[in-house]
Number of protein chains: 2
Amino acid sequence: MNMQKIVALAGGVGGAKLAEGLYRTLPPDSLTVIVNTGDDFDHLGLRICPDLDTVCYTLAGLANPETGWGRADETWNCIASISVLGGSSWFRLGDRDLATHLERTQRLRSGQPLSQVTHDFCQAWGITCNILPMTDQIVATCVQTAEEGELEFQDYFVRRQCQPRIEGFRFTGIESARPAPGVEQALREADCVVICPSNPWVSVSPILSIPGIGELMKQQTVVAVSPLIGGQALKGPAAKMYRELGFEPSALTVARHYGSLLTGMVIDERDRELGSSISESGIIPLVTQTVMLNEADRVNLGRTVYQFCERLLRREH
Amino acid sequence: MNMQKIVALAGGVGGAKLAEGLYRTLPPDSLTVIVNTGDDFDHLGLRICPDLDTVCYTLAGLANPETGWGRADETWNCIASISVLGGSSWFRLGDRDLATHLERTQRLRSGQPLSQVTHDFCQAWGITCNILPMTDQIVATCVQTAEEGELEFQDYFVRRQCQPRIEGFRFTGIESARPAPGVEQALREADCVVICPSNPWVSVSPILSIPGIGELMKQQTVVAVSPLIGGQALKGPAAKMYRELGFEPSALTVARHYGSLLTGMVIDERDRELGSSISESGIIPLVTQTVMLNEADRVNLGRTVYQFCERLLRREH
């Protein structure tokens with residue numbers, strides 16, 4: 001059988017890379033990417049949506065290839081001048097990137113929902129798949145820390161560089177958040193849902209916690225790609241978070257974390273020995289090269305994940 | 001006698017040039033510049049104060065020497081990216097300039113008055129004289145036009161490039177505006193007030209229309225520098241405005257416009273023949289080179305105006 005529709009759940013840099021691999025593999029309109037907005041925050045009077053922007057910039061070919069976030073060919077004159085004025089400069093906003101936040105903030109203030117703004121921006125950037133924020137309501141990831149109490153996510157992530165020890169998370173506003181327009185339909189109509197190699201605690205968990213999304217996922221063929229390789233995250237604090245919360249960080253731990261939601265789990269060749277334990281948990285493992293250093297790696301992993309989904313679907317039908 | 005205190009009233013580019021000439025001539029703390037804020041407006045969710053910024057950038061040595069407005073060594077990546085998103089790009093905001101608007105908007109929203117924000121910015125930029133907005137309240141210059149009705153000033157000035165024929169002006173909010181903190185004291189304590197070569201209709205008139213300022217001016221030695229040379233403005237629509245309102249544009253017309261407010265009037269060598277008519281109006285003329293093409297011209301005119309003020313004061317005492 002040929003799959004028609006894939007939904008990918010993504011956070012920031014790692015998720016965006018696989019989303020791009022799928023985007024370059026699949027025909028137009030076959031892919032919907034549902035993006036975490038729990039990291040979104042207000043800064044310098046602007047609404048900033050880091051994961052959404054990273055996914056959009058990556059798929060549009062506008063992303064900074066060095067950092068994975070922000071824009072290529074960027075300048076930093078505004079933030080440097082803000083710093084001279086004594087303004088806040090810990091969150092690195094490039095001049096081109098700033099345009100996204102300024103224009104988005106304007107449109108949100110005029111009453112447009114985030115999903116509409118995102119749709120219009122994707123059109124302007126020539127993106128031919130569907131990128132949806134998980135919700136149009138405001139959900140804010142709060143990080144509960146031992147030493148410093150509850151921190152806003154970007155405060156923890158950027159300003160405090162993930163130093164404080166974590167005790168838990170809270171997604172404020174999640175109870176009253178609704179899936180953004182298109183999210184539920186995309187999940188219902190999908191042949192397969194791919195959970196990208198994003199941070200399970202702070203990138204994927206907010207999406208799964210939106211009322212209604214978890215239920216729809218349970219009825220789907222779901223494949224996750226492990227964000228941990230050899231017990232470590234390529235980027236970000238996922239492994240540190242597992243450790244601080246009392247779990248041995250590994251692809252197996254991630255598989256058990258998602259648990260019964262998963263049909264299949266893609267793990268790196270370096271974690272080949274975890275395959276049998278994942279199998280024993282009732283999840284079908286696939287071992288492959290998952291490190292995405294360049295676009296060829298992204299496309300390869302996208303194609304491999306796509307084919308894995310097809311294989312799982314054939315098994316089920 | 002030696003003058004201790006000079007107050008200059010200024011609008012944008014032309015006013016900023018003479019303000020700089022005075023600034024480079026006078027000892028620190030001797031100069032207070034009161035700046036028009038009637039052109040201020042909200043754009044892209046930011047509070048923009050074009051005249052205030054032009055004066056500050058000019059005195060700080062940050063101004064773009066080509067345009068007279070905006071910042072030197074500027075980049076335009078943000079506005080170009082906003083344009084790609086279909087956002088508003090008719091008002092040219094440079095990346096460095098944007099920092100001023102972002103940080104100011106933040107501070108205003110947090111409750112700081114414009115005069116406080118301006119003071120802090122001047123400190124950050126190393127400006128050693130006193131730059132005051134005319135008021136902390138919002139006053140908006142509206143341009144009444146024959147063809148298009150009432151236009152907001154920047155809409156008329158930048159987007160419509162002063163094309164529409166003018167029938168009058170309205171300064172909304174002026175009745176309830178109060179002089180910004182420091183303005184009245186500076187005017188009371190000044191030895192002499194200089195009206196810079198700014199547009200009398202839309203740069204100087206709003207300042208003079210703030211309740212209380214006109215009264216204080218009447219008790220002062222006031223010198224104006226004509227913004228018209230040979231019946232033309234070096235920059236901006238002053239001459240066009242006089243014509244459309246039924247006046248022959250000339251330095252004499254400007255002198256009569258300010259009328260009994262003036263003790264003296266500085267006119268350009270090219271307008272030498274108007275001197276006697278200005279004299280007959282009871283205003284003491286000074287003929288000099290008033291075109292400021294470079295910093296030396298600004299300093300020369302600043303010094304000449306300063307010495308003219310001294311001469312007028314000696315006469316009065």
# chains A, B, ... in the order shown; residues from 1 in each chain; ligands from 1
call {"tool": "residues_around", "arguments": {"residues": "B:Ile79", "least_positions_apart": "6", "cutoff": "12 Å", "atoms": "only C-alpha atoms", "output": "MDAnalysis selection string"}}
result
(chainID A and resid 78 95:103) or (chainID B and resid 44 85:98)
call {"tool": "write_last_selection", "arguments": {"atoms": "N, CA and C atoms", "output": "PDB file, in the first residue's frame"}}
result
ATOM      1  N   CYS A  78      20.308  44.789  15.743  1.00  0.00           N
ATOM      2  CA  CYS A  78      19.257  45.268  16.640  1.00  0.00           C
ATOM      3  C   CYS A  78      19.567  44.877  18.077  1.00  0.00           C
ATOM      4  N   ASP A  95      18.397  39.998  13.283  1.00  0.00           N
ATOM      5  CA  ASP A  95      17.614  41.042  12.617  1.00  0.00           C
ATOM      6  C   ASP A  95      16.543  40.454  11.695  1.00  0.00           C
ATOM      7  N   ARG A  96      16.902  39.401  10.953  1.00  0.00           N
ATOM      8  CA  ARG A  96      15.917  38.787  10.055  1.00  0.00           C
ATOM      9  C   ARG A  96      14.853  38.054  10.853  1.00  0.00           C
ATOM     10  N   ASP A  97      15.296  37.329  11.875  1.00  0.00           N
ATOM     11  CA  ASP A  97      14.408  36.573  12.747  1.00  0.00           C
ATOM     12  C   ASP A  97      13.382  37.503  13.407  1.00  0.00           C
ATOM     13  N   LEU A  98      13.849  38.665  13.804  1.00  0.00           N
ATOM     14  CA  LEU A  98      13.010  39.661  14.466  1.00  0.00           C
ATOM     15  C   LEU A  98      11.773  40.006  13.636  1.00  0.00           C
ATOM     16  N   ALA A  99      11.920  40.002  12.329  1.00  0.00           N
ATOM     17  CA  ALA A  99      10.799  40.312  11.448  1.00  0.00           C
ATOM     18  C   ALA A  99       9.638  39.346  11.693  1.00  0.00           C
ATOM     19  N   THR A 100       9.969  38.078  11.871  1.00  0.00           N
ATOM     20  CA  THR A 100       8.946  37.062  12.131  1.00  0.00           C
ATOM     21  C   THR A 100       8.174  37.399  13.401  1.00  0.00           C
ATOM     22  N   HIS A 101       8.907  37.763  14.449  1.00  0.00           N
ATOM     23  CA  HIS A 101       8.249  38.037  15.734  1.00  0.00           C
ATOM     24  C   HIS A 101       7.447  39.332  15.686  1.00  0.00           C
ATOM     25  N   LEU A 102       7.994  40.345  15.037  1.00  0.00           N
ATOM     26  CA  LEU A 102       7.278  41.628  14.923  1.00  0.00           C
ATOM     27  C   LEU A 102       5.974  41.447  14.151  1.00  0.00           C
ATOM     28  N   GLU A 103       6.067  40.809  12.987  1.00  0.00           N
ATOM     29  CA  GLU A 103       4.884  40.665  12.144  1.00  0.00           C
ATOM     30  C   GLU A 103       3.866  39.716  12.786  1.00  0.00           C
TER      31      GLU A 103
ATOM     32  N   LEU B  44       3.926  48.854  13.475  1.00  0.00           N
ATOM     33  CA  LEU B  44       4.390  47.488  13.765  1.00  0.00           C
ATOM     34  C   LEU B  44       4.358  47.201  15.267  1.00  0.00           C
ATOM     35  N   LEU B  85       7.048  38.702   4.327  1.00  0.00           N
ATOM     36  CA  LEU B  85       5.866  38.161   5.020  1.00  0.00           C
ATOM     37  C   LEU B  85       4.597  38.936   4.692  1.00  0.00           C
ATOM     38  N   GLY B  86       4.707  39.935   3.820  1.00  0.00           N
ATOM     39  CA  GLY B  86       3.531  40.727   3.475  1.00  0.00           C
ATOM     40  C   GLY B  86       3.254  41.823   4.482  1.00  0.00           C
ATOM     41  N   GLY B  87       4.199  42.074   5.374  1.00  0.00           N
ATOM     42  CA  GLY B  87       3.999  43.106   6.391  1.00  0.00           C
ATOM     43  C   GLY B  87       4.269  44.493   5.835  1.00  0.00           C
ATOM     44  N   SER B  88       4.016  45.469   6.676  1.00  0.00           N
ATOM     45  CA  SER B  88       4.124  46.862   6.269  1.00  0.00           C
ATOM     46  C   SER B  88       5.586  47.290   6.208  1.00  0.00           C
ATOM     47  N   SER B  89       6.021  47.799   5.062  1.00  0.00           N
ATOM     48  CA  SER B  89       7.432  48.176   4.949  1.00  0.00           C
ATOM     49  C   SER B  89       7.622  49.585   4.390  1.00  0.00           C
ATOM     50  N   TRP B  90       6.538  50.390   4.343  1.00  0.00           N
ATOM     51  CA  TRP B  90       6.676  51.744   3.796  1.00  0.00           C
ATOM     52  C   TRP B  90       7.465  52.661   4.715  1.00  0.00           C
ATOM     53  N   PHE B  91       7.447  52.396   6.014  1.00  0.00           N
ATOM     54  CA  PHE B  91       8.257  53.210   6.917  1.00  0.00           C
ATOM     55  C   PHE B  91       9.581  52.485   7.116  1.00  0.00           C
ATOM     56  N   ARG B  92      10.653  53.081   6.637  1.00  0.00           N
ATOM     57  CA  ARG B  92      11.952  52.414   6.591  1.00  0.00           C
ATOM     58  C   ARG B  92      12.594  52.331   7.968  1.00  0.00           C
ATOM     59  N   LEU B  93      12.534  51.161   8.556  1.00  0.00           N
ATOM     60  CA  LEU B  93      13.120  50.945   9.874  1.00  0.00           C
ATOM     61  C   LEU B  93      14.384  50.110   9.736  1.00  0.00           C
ATOM     62  N   GLY B  94      15.514  50.696  10.064  1.00  0.00           N
ATOM     63  CA  GLY B  94      16.771  49.946  10.035  1.00  0.00           C
ATOM     64  C   GLY B  94      16.893  49.044  11.253  1.00  0.00           C
ATOM     65  N   ASP B  95      17.798  48.094  11.173  1.00  0.00           N
ATOM     66  CA  ASP B  95      17.943  47.110  12.245  1.00  0.00           C
ATOM     67  C   ASP B  95      18.431  47.751  13.546  1.00  0.00           C
ATOM     68  N   ARG B  96      19.385  48.674  13.439  1.00  0.00           N
ATOM     69  CA  ARG B  96      19.890  49.332  14.653  1.00  0.00           C
ATOM     70  C   ARG B  96      18.837  50.291  15.219  1.00  0.00           C
ATOM     71  N   ASP B  97      18.184  51.016  14.332  1.00  0.00           N
ATOM     72  CA  ASP B  97      17.131  51.955  14.714  1.00  0.00           C
ATOM     73  C   ASP B  97      15.997  51.233  15.454  1.00  0.00           C
ATOM     74  N   LEU B  98      15.670  50.058  14.951  1.00  0.00           N
ATOM     75  CA  LEU B  98      14.600  49.246  15.520  1.00  0.00           C
ATOM     76  C   LEU B  98      14.803  49.000  17.017  1.00  0.00           C
TER      77      LEU B  98
END
call {"tool": "residues_around", "arguments": {"residues": "B:Ala296", "least_positions_apart": "3", "cutoff": "12 Å", "atoms": "only C-alpha atoms", "output": "short mmCIF file (atom, residue, chain, number, x, y, z; two decimals) with N, CA and C atoms, in the first residue's frame"}}
result
data_model
loop_
_atom_site.label_atom_id
_atom_site.label_comp_id
_atom_site.auth_asym_id
_atom_site.auth_seq_id
_atom_site.Cartn_x
_atom_site.Cartn_y
_atom_site.Cartn_z
N LYS B 17 20.41 69.42 13.11
CA LYS B 17 21.71 69.94 12.67
C LYS B 17 22.12 71.18 13.49
N LEU B 18 21.19 72.11 13.66
CA LEU B 18 21.55 73.29 14.45
C LEU B 18 21.71 72.92 15.92
N GLU B 20 22.92 70.25 16.99
CA GLU B 20 24.28 69.72 17.10
C GLU B 20 25.31 70.86 17.10
N GLY B 21 25.08 71.86 16.23
CA GLY B 21 25.99 73.01 16.20
C GLY B 21 26.06 73.70 17.55
N LEU B 22 24.91 73.88 18.19
CA LEU B 22 24.88 74.50 19.53
C LEU B 22 25.54 73.59 20.56
N ARG B 24 27.89 71.43 20.13
CA ARG B 24 29.35 71.40 20.00
C ARG B 24 29.98 72.76 20.40
N THR B 25 29.13 73.79 20.48
CA THR B 25 29.61 75.13 20.82
C THR B 25 29.56 75.40 22.32
N GLN B 289 25.48 82.69 6.66
CA GLN B 289 25.42 81.43 5.90
C GLN B 289 24.68 80.39 6.75
N THR B 290 23.50 79.93 6.31
CA THR B 290 22.71 79.01 7.16
C THR B 290 22.62 77.59 6.62
N VAL B 291 23.17 77.35 5.42
CA VAL B 291 23.13 75.98 4.89
C VAL B 291 24.16 75.13 5.62
N MET B 292 23.71 74.02 6.19
CA MET B 292 24.63 73.18 6.97
C MET B 292 24.90 71.88 6.22
N LEU B 293 25.98 71.88 5.45
CA LEU B 293 26.30 70.70 4.65
C LEU B 293 27.19 69.72 5.40
N VAL B 299 28.66 73.75 13.33
CA VAL B 299 29.33 74.41 14.45
C VAL B 299 29.40 75.92 14.19
N ASN B 300 29.70 76.30 12.94
CA ASN B 300 29.73 77.72 12.60
C ASN B 300 28.39 78.39 12.86
N LEU B 301 27.33 77.75 12.37
CA LEU B 301 26.01 78.36 12.56
C LEU B 301 25.64 78.37 14.05
N GLY B 302 25.97 77.28 14.74
CA GLY B 302 25.72 77.23 16.18
C GLY B 302 26.39 78.39 16.90
N ARG B 303 27.66 78.64 16.55
CA ARG B 303 28.41 79.72 17.19
C ARG B 303 27.82 81.08 16.83
#
call {"tool": "select_by_dssp", "arguments": {"residues": "stretch 117-271 of chain B", "states": "strand (DSSP E)", "output": "NGL selection string"}}
result
:B and (130-133 or 140-145 or 149-152 or 166-172 or 192-195 or 222-225 or 228-229 or 232-233 or 264-268)
call {"tool": "write_last_selection", "arguments": {"atoms": "C-alpha atoms", "output": "compact mmCIF listing (two decimals), in the first residue's frame"}}
result
# COMPACT_ATOMS: atom_id res chain seq x y z
CA ASN B 130 19.43 67.75 28.07
CA ILE B 131 17.01 66.43 25.43
CA LEU B 132 13.35 66.64 26.39
CA PRO B 133 10.24 65.58 24.50
CA ALA B 140 -0.68 63.50 17.11
CA THR B 141 -0.28 65.88 14.19
CA CYS B 142 -3.08 65.34 11.68
CA VAL B 143 -2.79 66.81 8.21
CA GLN B 144 -6.04 68.06 6.70
CA THR B 145 -5.89 67.58 2.94
CA GLY B 149 -9.34 64.26 4.13
CA GLU B 150 -7.40 64.03 7.37
CA LEU B 151 -4.21 61.99 7.28
CA GLU B 152 -1.94 60.92 10.10
CA ILE B 166 -2.85 70.77 2.58
CA GLU B 167 -5.75 72.75 4.06
CA GLY B 168 -4.72 72.79 7.70
CA PHE B 169 -3.42 70.92 10.70
CA ARG B 170 -4.83 69.55 13.89
CA PHE B 171 -2.85 68.43 16.92
CA THR B 172 -5.02 65.86 18.63
CA CYS B 192 17.71 82.71 25.22
CA VAL B 193 15.44 80.35 23.26
CA VAL B 194 16.44 79.30 19.75
CA ILE B 195 13.82 78.06 17.32
CA VAL B 222 13.69 84.23 21.23
CA VAL B 223 15.70 83.80 18.06
CA ALA B 224 14.47 81.76 15.08
CA VAL B 225 16.61 80.43 12.27
CA LEU B 228 13.39 78.67 4.18
CA ILE B 229 16.23 79.88 1.98
CA GLN B 232 12.55 77.02 -0.49
CA ALA B 233 13.07 74.44 2.21
CA GLY B 264 15.67 88.09 16.38
CA MET B 265 15.63 86.14 13.14
CA VAL B 266 18.55 84.49 11.39
CA ILE B 267 18.23 84.41 7.60
CA ASP B 268 20.50 83.17 4.86
call {"tool": "atom_distance", "arguments": {"atom1": "atom CA of A:Pro28", "atom2": "atom CA of A:Ile127"}}
result
9.3 Å
call {"tool": "select_by_dssp", "arguments": {"residues": "stretch 1-241 of chain B", "states": "helix (DSSP H, G or I)", "output": "count of residues only"}}
result
92
call {"tool": "residues_around", "arguments": {"residues": "A:Cys49", "least_positions_apart": "3", "cutoff": "7 Å", "atoms": "only C-alpha atoms", "output": "ChimeraX atom specification"}}
result
/A:37,39-41,52-53
call {"tool": "atom_distance", "arguments": {"atom1": "atom CA of A:Leu62", "atom2": "atom CA of B:Asn77"}}
result
13.4 Å
call {"tool": "closest_residue", "arguments": {"among": "A:Ser226, A:Thr32, A:Asn294, A:Ser203", "to": "A:Phe153", "atoms": "only C-alpha atoms"}}
result
A:Ser203
call {"tool": "closest_residue", "arguments": {"among": "B:Asp297, B:Gly275, B:Leu313, B:Val7", "to": "B:Glu184", "atoms": "only C-alpha atoms"}}
result
B:Val7
call {"tool": "closest_residue", "arguments": {"among": "A:Gly126, A:Pro227, A:Gly182, A:Pro237", "to": "chain B", "atoms": "only C-alpha atoms"}}
result
A:Gly126
call {"tool": "residues_around", "arguments": {"residues": "A:Ile283", "least_positions_apart": "4", "cutoff": "9 Å", "atoms": "only C-alpha atoms", "output": "mmCIF file with C-alpha atoms, in the first residue's frame"}}
result
data_model
loop_
_atom_site.group_PDB
_atom_site.id
_atom_site.type_symbol
_atom_site.label_atom_id
_atom_site.label_comp_id
_atom_site.auth_asym_id
_atom_site.auth_seq_id
_atom_site.Cartn_x
_atom_site.Cartn_y
_atom_site.Cartn_z
ATOM 1 C CA ALA A 255 10.384 3.895 24.297
ATOM 2 C CA GLY A 259 4.825 3.273 26.121
ATOM 3 C CA SER A 260 1.626 1.888 24.647
ATOM 4 C CA LEU A 262 4.010 3.435 20.107
ATOM 5 C CA THR A 263 3.785 0.871 17.347
ATOM 6 C CA GLY A 264 7.406 1.264 16.359
ATOM 7 C CA MET A 265 10.606 2.871 17.581
ATOM 8 C CA ILE A 278 12.183 -2.581 23.129
ATOM 9 C CA SER A 279 10.656 -5.601 21.362
#
